[in-house]
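Colleague: Could you have a look at this structure, given as C-alpha cells, before my questions?
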Amino acid sequence: MCLIVVGLNQVYIVYMGDLPKGDVSVSNIHIGMLEEIVSGVASDVLLYSYRRSFNGFAAKLTEDEANKLKGKEGVVSVFPSQKKQLHTSRTWEFMGFNKKMKTSIIESDIIIGMLDTGVWPESESFNDTGFGPIPKKWKGTCQKSANFTCNNKIIGARYYLTDGDNGPEDFISPRDAEGHGTHTTSTAAGGLVSQASLFGIAKGTVRGGVPSARIAVYKICWSYGCSDEGILAAFDDAIADGVDIISLSVGSFIPFDYFEDSIAIGAFHAMKKGILTSNSAGNSGPTPGSVVNVSPWSLTVAASTIDRKFVTKVKLGNGQIYEGATINTFDLKGKMYPFIYGGDAPNLTLGVASEFSRYCFPGALNATLVKGKIVFCEYFTDYEGVLEAGALGAVFQDTGNKDFQFSYPLPFSTLNVNDGRMIINYLNTTENPTATIFKTSQDNNQFAPFVVSFSSRGPNPITTDILKPDLTAPGVDILAAWSEASTVTEDDTRRTRYNIISGTSMSCPHATGAAAYVKSFHPTWSPAAIRSALMTTAIPMTSNNNIEGEHAYGAGHINPLQATDPGLVYDAGEIDYVKFLCGQGYTIANIQLISGNSSSCSEETDGTVWDLNYPSFALSSTPGKSITRVFHRTVTNVGSAVSNYRAVVNAPPGLIIQVQPSVLSFEYVGQQQSFVVTVGAELGNSMISGSLIWDDGVHQVKSPIVAYASIML
C-alpha cells in the first residue's frame, strides 16, 4: 500500500505497501486518513489516489500533517517527494542486431511501457503500417487529447501533471515537447527508418531493439522535472494496463532506503506482477557511489561507447588542421573566416579585462570586434558568451573528457590543451589570422566499448554487497527520433526529426529493447530470469579503459542475441526479495504491508545479502581487512535438457574462490541445482575482480566476483 502527500511547501510520499484484500474502497481509506489530520476538506487536498497496482495517494499537506501520517497504522514510510531529472542508427548493429536476425513470432504482442516526456506520435519510427490488432491483454487507454492520437504501434498514452510542473512550451497531453521521450522510445522499440540523420550526420537506418513491439506512453516529465507523485501514478497504471517491460530513464538524489524511493517502490510492485523495470544508472560519473536506481528487483544500466565517434576539424590559415570533439551540424563549405582570440576582444564597456574575456564568459566579449568572426576561447565554459556577442563560430580549449559530444547552435569545436597552445601561438604570430570549422564527420572508435565518463559509478549506496550497475549498453552519441516541437539544442531555431544525444537515458532503452527481445522468446520468464540472461551473457570488459572496473560496467556489455539462450538463469521472485528485506532489517509489520501477505521474518527465513539469488557476487569491508563471505545460489536449466556444467574460476592474486559442487548435472529443462561459493579476499584500497563461469561446452554462464574496500561501511 502506498500514499503520496504534498505539503504546502513540500511533497511527501507515504508508502503503505500492497493493495488491501477484499472489496475495499482504497480511495475512501485515503480520504479517511486525510480527514483525521487536515482542517479543511480532505478531497480538496487529494491529488492522486493509487488503487490499481498498489495503494497510496498524493495530497497537499503541511510538514506537521505529514509527520502525523508517519505514526498511522499501515504506513511503511513517509518521505519528501522530489523532482527527478532526465538522464540525458548504428548501435543495434554494434551489438549484432541486423535485418536478418532471428525474431520471435510473438514480438508484436510485447508491450513496453515508456515513462518519460511523452512521444511525438507522427514520427516515422512509430508508423503502424503492417501491425495487426492491439493485443487482447492490453487494458490501458489512450487519454483523450486534442493533439494526440494513438495507433496500432503506440497503443496507449497517459500523462500525469501536478500543479507547477509544466511550462509554457509543454503540451498538456502525452505529446513530447522536449524530445527526450521520443528519443528513448524509438531506441527501445522504434520501427526501421532508412536514411535517418542529423542534418546528414550519422546517416543510416535507425531502429529500436524490438521494432514490432507495441508502445504504451506514460508522460511523467515536464519542463520543471519529473515528480515522484507522477512517477508512482504512472507505475500504478502501467502495471494494471498490462505492459511487459517498464523503461524509466530518470533519477536524481541517491536514495538510502528502497521504500523512500518512488522508482524502487514502483519497480517492486511491477516485479510482483512479472514486469521487469529497466533503469538508467545516472549521469553523475565518474564519482564513486553515484549510481542511482539500485533496487535489486530492477535492472540498472550504465552507458558505454560504440565503435563510432564524431570529430569536428578546425583548419587554420596556415593550413594546419586540428581534430576537435563536438557535433557540428553547420557547413561553412571550407570558407576561411577572420579568427580572433577572446583575450583580444574584452568588453571594456563593462570593465572586462583580457584576463577574463579570454574565457568567453557571457558579457565578457566586445561584440563589435567579435561579430562575424570565429573566436578562440582558452577555457570551455559555455557557448552563450560567443553567441550573444554575434560570433560566427567558436573554438574552445577544453581540459575535460572528450568521450562524448554535444551539438551547439553555431559552428563549434573543442580542442585539447596541446592543440590549444598551437592555436594561441598562431593567433599571436599571424597578422590576419583565419580559420574554418568543418562539419562533423565520423571515425572509428577502436577502444569501444568502454563506459563513458559521465555514467554513474558504484558501489551501491544502499546495499554495498549488491553490485550495481548491473551491466552497460550504448549511451554515447545515439541517433534516434526527436520531437518536432523541440530544437536541435538550446538557443537554436532549427527543427529535426532525428537527433544525436548522450546519457544513461540512452543506454537504458537499449537494455529495455534487449529485455523485450528476450521476453519475446521466453514470455513466461520472470524479471529476474530476464535480467540474469542479460547479465550472464554480457560481453566481459576490463579495467584497462575503466579503472573502476565492475563499478563502472557491472557484468559487462549487453549482448542481446546471446541472451535468448543463456543456458542457466539465476531466478528470484517476491519471496526471495522479502527474505532479503528481512535480512536488511525491515520490520515484520512493514514486510507484511509491502508483500500484502502474512510473511514473517525470523532467523530461519532472514536472508543475508549474500544469499539473494543474484547473478553477480560482491563483498566489501574497510581497507586493510581480510574478509570471507559465503554465497548460496541456485540456477535453473533453460538450455539443453541433459547437460553437465563445470565451474571455471578466475581468481587473481588476493582473491580465493571455492565452488561446491564444482559440477552441476541436469536431466531436464527447468531443473534447479544449488551451489555454494566461498570467497576470501585481502583488501587494500583497490578492487579485486574475479569471475565464475558455468560451462557446458555450449553455454558460458558468466558472473563477476568483486571484492573491494569501502569507506561507506
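As shown in the C-alpha cells, the chain order sets the letters A, B, ...; within each chain, residues go from 1, and ligands are also counted from 1 in the order they appear.
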Excluding A:Asn637 and residues on its chain fewer than 4 positions from it, collect all residues at most 10 Å away from it, counting only C-alpha atoms, and give them as a count of residues only.
Modeller: 17
Colleague: Quick one: residues within 9 Å of A:Gly458, only C-alpha atoms, excluding same-chain residues fewer than 2 positions away - as a PyMOL selection string?
Modeller: chain A and resi 287-292+456+460-461+464+467-469+548+550-552+554
Colleague: Using DSSP secondary structure from the backbone, list all strand (DSSP E or B) positions within stretch 119-307 of chain A, as a ChimeraX atom specification.
Modeller: /A:119,142,154-159,175,193-198,201-206,214-219,221-222,225-227,245-248,250-251,276-280,299-304
Colleague: As a PyMOL selection string, list the residues of stretch 416-644 of chain A assigned to alpha helix (DSSP H) by DSSP on the backbone atoms of this structure.
Modeller: chain A and resi 417-429+504-521+527-536+550-553+560-563+574-583+588-595
Colleague: Can you pull out every residue within 8 Å of A:Ala485, counting only C-alpha atoms, but drop anything in the same chain fewer than 2 positions away, and send it as a list in words?
Modeller: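 Near neighbours after the sequence-gap exclusion: Asp176, Ala177, Glu178, Gly179, Ser483, Thr487 and Arg495 of chain A.
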Colleague: Need to verify the contact set: stretch 508-524 of chain A, 7 Å, only C-alpha atoms, exclusion of same-chain residues closer than 2 positions in sequence. Can you return it as a list in words?
Modeller: Ser104, Ile106, Glu107, Ile110, Thr184, Thr187, Ala188, Ala189, Gly208, Gly209, Val210, Ile245, Ser247, Ser249, Ser278, Asn279, Ser280, Val301, Ala473, Pro474, Thr504, Ser505, Met506, Ser526, Ile530, Pro560, Ala563 and Thr564 of chain A
Colleague: What's around A:Ile37 at 9 Å? Count only C-alpha atoms, leave out sequence neighbours fewer than 4 positions away in its own chain, and write the answer as a PyMOL selection string.
Modeller: chain A and resi 33+42+65-66+68-69
Colleague: Could you give me, as a ChimeraX atom specification, the residues within 12 Å of A:Phe235, counting only C-alpha atoms and dropping anything in the same chain fewer than 2 positions from it?
Modeller: /A:2,50-56,113-116,158-160,216-220,228-233,237-243,245-248,262-271,273,275-277
Colleague: May I have the selected residues written with C-alpha atoms, as a tab-separated table (two decimals), in the first residue's frame?
Modeller:
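Once everything was written out, this is result-v3.tsv:
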chain	number	residue	atom	x	y	z
A	2	CYS	CA	1.38	3.44	-0.87
A	50	TYR	CA	-3.15	4.90	-6.21
A	51	ARG	CA	-5.51	1.97	-6.25
A	52	ARG	CA	-4.82	-0.19	-9.33
A	53	SER	CA	-1.48	-1.88	-8.59
A	54	PHE	CA	-0.59	-0.66	-5.09
A	55	ASN	CA	-2.16	1.59	-2.51
A	56	GLY	CA	-1.47	5.26	-1.95
A	113	GLY	CA	5.74	0.99	-21.01
A	114	MET	CA	7.84	4.14	-21.51
A	115	LEU	CA	7.82	6.55	-18.54
A	116	ASP	CA	9.34	9.75	-19.91
A	158	ARG	CA	-1.40	8.89	-20.48
A	159	TYR	CA	0.01	12.00	-18.82
A	160	TYR	CA	0.47	12.99	-15.17
A	216	ALA	CA	2.48	2.47	-24.10
A	217	VAL	CA	3.39	6.07	-23.27
A	218	TYR	CA	3.27	7.46	-19.71
A	219	LYS	CA	4.28	11.12	-19.66
A	220	ILE	CA	5.77	11.87	-16.24
A	228	ASP	CA	7.58	11.43	-7.55
A	229	GLU	CA	3.81	11.51	-7.35
A	230	GLY	CA	3.53	11.35	-11.14
A	231	ILE	CA	6.07	8.55	-11.33
A	232	LEU	CA	4.09	6.43	-8.88
A	233	ALA	CA	0.83	7.20	-10.67
A	237	ASP	CA	-1.38	2.47	-14.27
A	238	ALA	CA	1.31	0.72	-16.31
A	239	ILE	CA	1.27	-2.38	-14.11
A	240	ALA	CA	-2.52	-2.64	-14.29
A	241	ASP	CA	-2.61	-1.79	-18.02
A	242	GLY	CA	-0.68	-4.94	-18.88
A	243	VAL	CA	2.76	-3.80	-20.04
A	245	ILE	CA	8.57	-4.18	-19.61
A	246	ILE	CA	8.83	-0.75	-17.98
A	247	SER	CA	11.56	1.67	-19.08
A	248	LEU	CA	12.50	4.66	-16.94
A	262	SER	CA	9.28	6.17	-5.84
A	263	ILE	CA	11.07	4.25	-8.60
A	264	ALA	CA	12.10	1.39	-6.30
A	265	ILE	CA	8.56	1.21	-4.92
A	266	GLY	CA	7.00	1.11	-8.37
A	267	ALA	CA	9.55	-1.42	-9.62
A	268	PHE	CA	8.84	-3.71	-6.65
A	269	HIS	CA	5.15	-3.90	-7.46
A	270	ALA	CA	5.95	-4.31	-11.15
A	271	MET	CA	8.20	-7.26	-10.24
A	273	LYS	CA	3.30	-8.84	-11.50
A	275	ILE	CA	7.23	-6.94	-15.12
A	276	LEU	CA	10.92	-6.01	-15.34
A	277	THR	CA	11.81	-2.36	-14.77
Colleague: Out of A:Ala202, A:Thr608, A:Pro296, A:Gly181, which residue has the shortest atom-to-atom distance to A:Val311 when counting only C-alpha atoms?
Modeller: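 That would be A:Ala202, the residue with the smallest distance to A:Val311.
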Colleague: Would you kindly return, as a VMD selection string, each protein, DNA or RNA residue with an atom no farther than 9 Å from any atom of A:Ile424, considering only C-alpha atoms and excluding same-chain residues fewer than 4 positions away?
Modeller: chain A and resid 341 376 378 419 to 420 428 to 429
Colleague: Using only all heavy atoms, please write the residues we just selected to a file, as a PDB file, in the first residue's frame.
Modeller:
ATOM      1  N   TYR A 341      41.212  35.960 -30.992  1.00  0.00           N
ATOM      2  CA  TYR A 341      41.416  35.434 -29.638  1.00  0.00           C
ATOM      3  C   TYR A 341      40.519  36.192 -28.671  1.00  0.00           C
ATOM      4  O   TYR A 341      40.461  37.431 -28.693  1.00  0.00           O
ATOM      5  CB  TYR A 341      42.888  35.596 -29.271  1.00  0.00           C
ATOM      6  CG  TYR A 341      43.260  35.265 -27.851  1.00  0.00           C
ATOM      7  CD1 TYR A 341      42.806  34.115 -27.225  1.00  0.00           C
ATOM      8  CD2 TYR A 341      44.116  36.108 -27.139  1.00  0.00           C
ATOM      9  CE1 TYR A 341      43.185  33.814 -25.917  1.00  0.00           C
ATOM     10  CE2 TYR A 341      44.505  35.813 -25.840  1.00  0.00           C
ATOM     11  CZ  TYR A 341      44.028  34.661 -25.232  1.00  0.00           C
ATOM     12  OH  TYR A 341      44.409  34.362 -23.948  1.00  0.00           O
ATOM     13  N   PHE A 376      38.452  32.190 -30.574  1.00  0.00           N
ATOM     14  CA  PHE A 376      39.135  31.156 -29.803  1.00  0.00           C
ATOM     15  C   PHE A 376      39.069  31.516 -28.324  1.00  0.00           C
ATOM     16  O   PHE A 376      39.412  32.626 -27.920  1.00  0.00           O
ATOM     17  CB  PHE A 376      40.599  31.010 -30.214  1.00  0.00           C
ATOM     18  CG  PHE A 376      41.326  29.977 -29.395  1.00  0.00           C
ATOM     19  CD1 PHE A 376      41.125  28.624 -29.633  1.00  0.00           C
ATOM     20  CD2 PHE A 376      42.171  30.345 -28.361  1.00  0.00           C
ATOM     21  CE1 PHE A 376      41.768  27.661 -28.864  1.00  0.00           C
ATOM     22  CE2 PHE A 376      42.817  29.389 -27.587  1.00  0.00           C
ATOM     23  CZ  PHE A 376      42.614  28.042 -27.842  1.00  0.00           C
ATOM     24  N   GLU A 378      40.000  30.222 -24.271  1.00  0.00           N
ATOM     25  CA  GLU A 378      41.017  29.408 -23.608  1.00  0.00           C
ATOM     26  C   GLU A 378      40.461  28.354 -22.670  1.00  0.00           C
ATOM     27  O   GLU A 378      41.185  27.445 -22.270  1.00  0.00           O
ATOM     28  CB  GLU A 378      41.979  30.310 -22.824  1.00  0.00           C
ATOM     29  CG  GLU A 378      43.196  30.702 -23.607  1.00  0.00           C
ATOM     30  CD  GLU A 378      44.277  31.272 -22.715  1.00  0.00           C
ATOM     31  OE1 GLU A 378      44.979  30.487 -22.051  1.00  0.00           O
ATOM     32  OE2 GLU A 378      44.392  32.500 -22.681  1.00  0.00           O
ATOM     33  N   ASP A 419      46.750  21.254 -28.533  1.00  0.00           N
ATOM     34  CA  ASP A 419      46.318  21.903 -29.773  1.00  0.00           C
ATOM     35  C   ASP A 419      45.933  23.352 -29.515  1.00  0.00           C
ATOM     36  O   ASP A 419      46.166  24.228 -30.357  1.00  0.00           O
ATOM     37  CB  ASP A 419      45.142  21.143 -30.382  1.00  0.00           C
ATOM     38  CG  ASP A 419      45.558  19.784 -30.940  1.00  0.00           C
ATOM     39  OD1 ASP A 419      46.772  19.561 -31.110  1.00  0.00           O
ATOM     40  OD2 ASP A 419      44.663  18.950 -31.199  1.00  0.00           O
ATOM     41  N   GLY A 420      45.358  23.602 -28.336  1.00  0.00           N
ATOM     42  CA  GLY A 420      45.003  24.971 -27.983  1.00  0.00           C
ATOM     43  C   GLY A 420      46.215  25.877 -27.924  1.00  0.00           C
ATOM     44  O   GLY A 420      46.171  27.035 -28.375  1.00  0.00           O
ATOM     45  N   ASN A 428      48.887  34.688 -32.085  1.00  0.00           N
ATOM     46  CA  ASN A 428      49.825  35.716 -31.613  1.00  0.00           C
ATOM     47  C   ASN A 428      50.900  36.062 -32.629  1.00  0.00           C
ATOM     48  O   ASN A 428      51.562  37.102 -32.499  1.00  0.00           O
ATOM     49  CB  ASN A 428      50.488  35.258 -30.309  1.00  0.00           C
ATOM     50  CG  ASN A 428      49.521  35.260 -29.134  1.00  0.00           C
ATOM     51  OD1 ASN A 428      48.523  35.985 -29.135  1.00  0.00           O
ATOM     52  ND2 ASN A 428      49.806  34.444 -28.128  1.00  0.00           N
ATOM     53  N   THR A 429      51.097  35.196 -33.618  1.00  0.00           N
ATOM     54  CA  THR A 429      52.196  35.425 -34.568  1.00  0.00           C
ATOM     55  C   THR A 429      51.714  35.680 -35.989  1.00  0.00           C
ATOM     56  O   THR A 429      52.536  35.787 -36.907  1.00  0.00           O
ATOM     57  CB  THR A 429      53.138  34.206 -34.571  1.00  0.00           C
ATOM     58  OG1 THR A 429      52.399  33.030 -34.935  1.00  0.00           O
ATOM     59  CG2 THR A 429      53.788  34.012 -33.203  1.00  0.00           C
TER      60      THR A 429
END
Colleague: Each residue of stretch 250-293 of chain A with at least one atom at most 7 Å from stretch 434-454 of chain A should appear once, together with its nearest atom pair and the corresponding distance in Å (one decimal); atoms considered: only C-alpha atoms; ordering: chain, then increasing residue number; output as CSV.
Modeller:
residue,atom,partner,partner_atom,distance
A:Asn283,CA,A:Phe454,CA,5.1
A:Ser284,CA,A:Phe454,CA,5.7
A:Gly285,CA,A:Phe454,CA,4.3
A:Pro286,CA,A:Ser453,CA,5.5
Colleague: Between A:Tyr379, A:Tyr577, A:Tyr708, A:Phe256, which residue has the minimum interatomic distance to A:Gly690, considering only C-alpha atoms?
Modeller: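 Using only C-alpha atoms, the shortest distance to A:Gly690 belongs to A:Tyr708.
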Colleague: For each of A:Gly363, A:Gly274, A:Gly164, A:Gly475, take the minimum atom-to-atom distance to A:His183, counting only C-alpha atoms, then give the residue where this is smallest.
Modeller: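 Result for the nearest residue to A:His183: A:Gly475.
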Colleague: Expressed in Å to a single decimal, how great is the separation between atom CA of A:Ser689 and atom CA of A:Asn650?
Modeller: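 About the pair atom CA of A:Ser689 and atom CA of A:Asn650: they are 8.7 Å apart.
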Colleague: What separation in Å, quoted to one decimal, exists between atom CA of A:Pro409 and atom CA of A:Lys373?
Modeller: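 Interatomic distance here is 15.1 Å.
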Colleague: Please compute the atom CA of A:Leu198-atom CA of A:Asn328 distance, one decimal, in Å.
Modeller: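 Going from atom CA of A:Leu198 over to atom CA of A:Asn328 covers 10.0 Å.
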Colleague: With only C-alpha atoms as the atoms that count, which of A:Gly583, A:Ser598, A:Asp565, A:Lys136 lies nearest to A:Thr463?
Modeller: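 When distances to A:Thr463 are compared using only C-alpha atoms, the smallest one comes from A:Gly583.
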